[in-house]
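Written below as structure tokens is the structure these notes are about.
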Amino acid sequence: MFTPLRERIAAHVGPLHLLNIGDSFLEPPAVARTEALLSAELPHLHRYAPVQGLPELLDAAVRKVQRRSGVAIDRADVQVVSGATAGLMTLCQALIDPGDEVLLPAPFWPLFPGIVACRGARAVQIPLYDRLDDPALDAEALFEAACTPRTAAIYLNSPHNPTGRVLPAPVVEAAIQVARRHDLWVFCDEVYEDLYFGDTPPAPLWTHPDLRERAFAIHSMSKGYAMAGARVGFIHGPPEGMAAVRAAQTFTTYCAPRPMQVAAARALDAGDAWLADARRLYQGAAEQVTAGLGLPPVEGGTFLFFDAAPWCGGAADCTPFLERCIDSGVVLTPGAASGQAYASWVRLCFSILPPDELADAVTRLAGVMSR
């Protein structure tokens with residue numbers, strides 16, 4: 001997707017703010033940093049971990065889920081994975097057959113269609129998240145119209161990458177009705193579950209009573225705890241499905257890195273105060289960008305997603321706008337990476353830069369958008 005712009009990026013002289021990268025300027029909680037992991041204090045630190053995961057991480061995951069959702073889950077129904085990407089790949093290997101279809105509300109996290117395609121299945125794009133404020137939106141009709149005899153699952157993500165929206169209850173209910181009617185699995189991407197910008201955390205999607213027997217929740221240490229490089233996450237779901245997930249895990253990554261599982265367990269158990277501070281900082285960053293660029297506020301996550309058509313000079317896609325942004329020292333992600341219907345849109349990550357650098361990036365972008 002970035003191929004036409006690579007030469008322009010490489011030729012740029014001066015500061016270049018990479019707001020296309022979905023990561024954090026923060027370091028993880030101190031107890032979870034690699035320098036806190038000492039072989040002398042952690043016997044067998046560099047051996048394989050159990051396929052299901054280290055017992056201490058499984059227990060920490062169960063405690064974390066109960067604190068966040070108020071729902072107790074069985075440790076036997078938790079599987080540690082090498083980050084959410086590998087986790088979703090494992091889910092697809094376990095539950096999706098070649099030729100199946102997965103309903104994918106758009107815009108979406110750019111990697112998911114490729115994950116589905118690797119299984120020989122197809123992601124069916126349904127423009128949705130940018131229409132949530134439309135009073136005429138009939139989400140159930142959208143989902144229903146996309147279903148075929150090959151439909152096997154629905155993928156939902158809230159708080160959402162890339163729009164920063166939290167799915168409203170009527171849309172969740174619509175997805176549930178269609179899932180029940182067609183006996184579909186529901187993949188609940190909870191990667192941004194802790195990055196909400198209101199006083200009350202939104203209820204995790206998988207906790208809906210009508211989803212408990214068909215929902216798989218995917219959690220990650222990458223976003224909430226700034227541990228993207230650790231490649232650790234976990235999945236939980238109904239027992240019969242989790243048995244298949246564990247079998248698939250054995251033949252994919254086998255296990256997540258043992259040292260990073262130790263770090264993840266520490267972060268989950270001791271990172272609540274750090275997490276609250278990170279949420280405050282990210283909300284401040286979101287407000288800094290939306291105010292500076294005149295964009296609507298977001299409800300959570302680490303991204304903004306907006307239509308750049310007014311600055312594309314009549315072009316069919318956002319390339320002219322992206323080129324001017326690069327020339328001004330800012331790199332954004334083209335919206336087409338998040339769906340066929342979003343060629344004129346762009347994605348911006350506001351969590352990747354510390355406040356002073358982000359302020360400079362906003363100033364440069366505002367200059368482009370004022371022309």
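Ordering of the structure tokens sets the chain letters (A, B, ...), residue numbers begin anew at 1 in every chain, and ligands are numbered from 1 in the order given.
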
Legend entry - Neighbour list for His160 in chain A as an MDAnalysis selection string, cut-off 10 Å, only C-alpha atoms, skip fewer than 3 positions in-chain: chainID A and resid 107:109 129 156:157 163:167 189:193 195 298:304

Save the residues we just selected, N, CA and C atoms, as a PDB file, in the first residue's frame?
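The resulting file, out_37.pdb, is shown below:
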ATOM      1  N   PRO A 107     -14.561   0.575   8.171  1.00  0.00           N
ATOM      2  CA  PRO A 107     -13.155   0.243   7.971  1.00  0.00           C
ATOM      3  C   PRO A 107     -12.652  -0.717   9.044  1.00  0.00           C
ATOM      4  N   PHE A 108     -11.478  -1.313   8.801  1.00  0.00           N
ATOM      5  CA  PHE A 108     -11.008  -2.375   9.667  1.00  0.00           C
ATOM      6  C   PHE A 108      -9.501  -2.296   9.849  1.00  0.00           C
ATOM      7  N   TRP A 109      -9.025  -3.056  10.832  1.00  0.00           N
ATOM      8  CA  TRP A 109      -7.581  -3.246  11.036  1.00  0.00           C
ATOM      9  C   TRP A 109      -7.002  -3.896   9.783  1.00  0.00           C
ATOM     10  N   TYR A 129     -18.580   1.356  10.399  1.00  0.00           N
ATOM     11  CA  TYR A 129     -18.152   2.194  11.516  1.00  0.00           C
ATOM     12  C   TYR A 129     -18.242   3.686  11.218  1.00  0.00           C
ATOM     13  N   LEU A 156     -15.739  -8.415  15.211  1.00  0.00           N
ATOM     14  CA  LEU A 156     -16.112  -7.133  15.797  1.00  0.00           C
ATOM     15  C   LEU A 156     -14.944  -6.590  16.616  1.00  0.00           C
ATOM     16  N   ASN A 157     -14.776  -5.277  16.591  1.00  0.00           N
ATOM     17  CA  ASN A 157     -13.675  -4.628  17.295  1.00  0.00           C
ATOM     18  C   ASN A 157     -14.185  -3.337  17.930  1.00  0.00           C
ATOM     19  N   THR A 163     -11.302   3.835  13.628  1.00  0.00           N
ATOM     20  CA  THR A 163     -12.159   5.018  13.787  1.00  0.00           C
ATOM     21  C   THR A 163     -12.198   5.572  15.210  1.00  0.00           C
ATOM     22  N   GLY A 164     -11.757   4.794  16.200  1.00  0.00           N
ATOM     23  CA  GLY A 164     -11.844   5.247  17.582  1.00  0.00           C
ATOM     24  C   GLY A 164     -13.249   5.202  18.158  1.00  0.00           C
ATOM     25  N   ARG A 165     -14.186   4.527  17.468  1.00  0.00           N
ATOM     26  CA  ARG A 165     -15.554   4.451  17.938  1.00  0.00           C
ATOM     27  C   ARG A 165     -15.752   3.253  18.874  1.00  0.00           C
ATOM     28  N   VAL A 166     -16.728   3.382  19.758  1.00  0.00           N
ATOM     29  CA  VAL A 166     -17.201   2.273  20.574  1.00  0.00           C
ATOM     30  C   VAL A 166     -18.542   1.843  19.979  1.00  0.00           C
ATOM     31  N   LEU A 167     -18.696   0.566  19.706  1.00  0.00           N
ATOM     32  CA  LEU A 167     -19.930   0.102  19.077  1.00  0.00           C
ATOM     33  C   LEU A 167     -21.129   0.360  19.981  1.00  0.00           C
ATOM     34  N   ASP A 189     -12.585  -8.645  19.098  1.00  0.00           N
ATOM     35  CA  ASP A 189     -11.244  -8.081  19.218  1.00  0.00           C
ATOM     36  C   ASP A 189     -11.244  -7.058  20.350  1.00  0.00           C
ATOM     37  N   GLU A 190     -10.634  -7.432  21.488  1.00  0.00           N
ATOM     38  CA  GLU A 190     -10.613  -6.590  22.683  1.00  0.00           C
ATOM     39  C   GLU A 190      -9.259  -5.913  22.887  1.00  0.00           C
ATOM     40  N   VAL A 191      -8.497  -5.762  21.807  1.00  0.00           N
ATOM     41  CA  VAL A 191      -7.136  -5.227  21.912  1.00  0.00           C
ATOM     42  C   VAL A 191      -7.117  -3.837  22.556  1.00  0.00           C
ATOM     43  N   TYR A 192      -8.157  -3.031  22.320  1.00  0.00           N
ATOM     44  CA  TYR A 192      -8.198  -1.660  22.857  1.00  0.00           C
ATOM     45  C   TYR A 192      -9.160  -1.541  24.041  1.00  0.00           C
ATOM     46  N   GLU A 193      -9.459  -2.656  24.691  1.00  0.00           N
ATOM     47  CA  GLU A 193     -10.479  -2.676  25.737  1.00  0.00           C
ATOM     48  C   GLU A 193     -10.209  -1.696  26.872  1.00  0.00           C
ATOM     49  N   LEU A 195      -8.480   1.172  26.581  1.00  0.00           N
ATOM     50  CA  LEU A 195      -8.233   2.520  26.073  1.00  0.00           C
ATOM     51  C   LEU A 195      -9.550   3.181  25.677  1.00  0.00           C
ATOM     52  N   VAL A 298     -12.771  11.316  19.508  1.00  0.00           N
ATOM     53  CA  VAL A 298     -12.897   9.857  19.431  1.00  0.00           C
ATOM     54  C   VAL A 298     -13.228   9.315  20.819  1.00  0.00           C
ATOM     55  N   GLU A 299     -13.735   8.085  20.834  1.00  0.00           N
ATOM     56  CA  GLU A 299     -14.202   7.487  22.079  1.00  0.00           C
ATOM     57  C   GLU A 299     -13.192   6.546  22.715  1.00  0.00           C
ATOM     58  N   GLY A 300     -12.134   6.195  21.976  1.00  0.00           N
ATOM     59  CA  GLY A 300     -11.134   5.298  22.524  1.00  0.00           C
ATOM     60  C   GLY A 300     -10.146   4.871  21.467  1.00  0.00           C
ATOM     61  N   GLY A 301      -9.264   3.937  21.848  1.00  0.00           N
ATOM     62  CA  GLY A 301      -8.263   3.436  20.921  1.00  0.00           C
ATOM     63  C   GLY A 301      -7.067   4.350  20.804  1.00  0.00           C
ATOM     64  N   THR A 302      -6.353   4.246  19.682  1.00  0.00           N
ATOM     65  CA  THR A 302      -5.148   5.049  19.466  1.00  0.00           C
ATOM     66  C   THR A 302      -5.109   5.684  18.076  1.00  0.00           C
ATOM     67  N   PHE A 303      -6.249   5.700  17.382  1.00  0.00           N
ATOM     68  CA  PHE A 303      -6.259   6.178  16.001  1.00  0.00           C
ATOM     69  C   PHE A 303      -7.363   7.196  15.747  1.00  0.00           C
ATOM     70  N   LEU A 304      -7.127   8.009  14.715  1.00  0.00           N
ATOM     71  CA  LEU A 304      -8.155   8.823  14.075  1.00  0.00           C
ATOM     72  C   LEU A 304      -8.286   8.338  12.642  1.00  0.00           C
TER      73      LEU A 304
END

Inset, instruction - Find the residues around range 116-121 of chain A up to 8 Å (only C-alpha atoms counted), leave out those fewer than 5 positions away in its own chain, and share them as number ranges by chain. - result: A: 89, 92-93, 96-102

Just write the chosen residues, C-alpha atoms, as a short mmCIF file (atom, residue, chain, number, x, y, z; two decimals), in the first residue's frame.
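Dumped everything to result.cif:
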data_model
loop_
_atom_site.label_atom_id
_atom_site.label_comp_id
_atom_site.auth_asym_id
_atom_site.auth_seq_id
_atom_site.Cartn_x
_atom_site.Cartn_y
_atom_site.Cartn_z
CA MET A 89 -4.55 -16.55 12.76
CA CYS A 92 -9.05 -18.93 11.81
CA GLN A 93 -6.99 -22.10 11.55
CA ILE A 96 -12.69 -21.35 9.66
CA ASP A 97 -12.56 -23.72 6.68
CA PRO A 98 -11.19 -22.97 3.21
CA GLY A 99 -13.96 -21.36 1.17
CA ASP A 100 -15.70 -19.92 4.24
CA GLU A 101 -16.58 -16.25 4.60
CA VAL A 102 -16.10 -13.93 7.57
#

Inset, instruction - Identify, on the basis of only C-alpha atoms, every residue whose closest approach to Arg212 in chain A does not exceed 10 Å; exclude the query and any residue fewer than 6 positions from it along the same chain; express the result as a PyMOL selection string. - result: chain A and resi 186+205-206+237-238

Inset, instruction - Identify all residues of range 266-324 of chain A in helix (DSSP H, G or I) (DSSP on the backbone) and supply them as a PyMOL selection string. - result: chain A and resi 266-270+272-293+309-311+319-324

Inset, instruction - Could you give me, as a list in words, the residues within 9 Å of Pro127 in chain A, counting only C-alpha atoms and dropping anything in the same chain fewer than 5 positions from it? - result: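 Listing them by chain and then by number gives Leu104, Pro105, Ala106, Pro107, Leu142, Gly339, Gln340 and Ala341 of chain A.
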
Legend entry - Selected residue of minimal separation from Gly83 in chain A among A:Ala366, A:Val62, A:Leu95, A:Ile218, counting only C-alpha atoms: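 Checking each of A:Ala366, A:Val62, A:Leu95, A:Ile218 against Gly83 in chain A, counting only C-alpha atoms, the winner is A:Ile218.
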
Inset, instruction - Compare A:Gly284, A:Gly292, A:Gly314, A:Gly335 by their minimum atom-to-atom distance to Thr363 in chain A, counting only C-alpha atoms, and give me the closest one. - result: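 Nearest candidate to Thr363 in chain A out of A:Gly284, A:Gly292, A:Gly314, A:Gly335: A:Gly292.
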
Legend entry - Picked from range 22-250 of chain A by DSSP as strand (DSSP E), as a PyMOL selection string: chain A and resi 78-81+101-106+122-127+151-157+185-189+215-220+233-236

Inset, instruction - Fewer than 4 positions away in the same chain doesn't count, so skip those; otherwise give me all residues within 10 Å of Val80 in chain A, counting only C-alpha atoms, as a ChimeraX atom specification. - result: /A:50-54,57-58,61,84,87,218-220,232-236,246,249,255-256,261

Could you save the residues just selected, with C-alpha atoms, as a compact mmCIF listing (two decimals), in the first residue's frame?
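Dumped to part_3.txt:
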# COMPACT_ATOMS: atom_id res chain seq x y z
CA PRO A 50 3.72 -24.80 27.93
CA VAL A 51 1.56 -24.66 24.81
CA GLN A 52 -1.41 -23.25 26.76
CA GLY A 53 0.78 -20.67 28.48
CA LEU A 54 2.67 -20.19 31.73
CA LEU A 57 0.06 -15.73 33.04
CA LEU A 58 -3.07 -17.85 32.72
CA ALA A 61 -5.37 -13.30 32.61
CA ALA A 84 -3.38 -10.70 18.67
CA GLY A 87 -4.10 -15.28 17.95
CA ILE A 218 -8.86 -11.73 21.73
CA HIS A 219 -6.75 -9.72 24.18
CA SER A 220 -3.28 -8.25 23.68
CA VAL A 232 1.95 -11.76 23.89
CA GLY A 233 -1.82 -11.94 24.11
CA PHE A 234 -4.51 -14.42 25.07
CA ILE A 235 -7.80 -15.81 23.82
CA HIS A 236 -10.75 -17.22 25.72
CA ARG A 246 -5.18 -25.09 21.48
CA GLN A 249 -1.68 -23.28 18.48
CA CYS A 255 4.09 -21.12 22.47
CA ALA A 256 4.55 -17.42 23.12
CA GLN A 261 4.86 -14.25 29.28
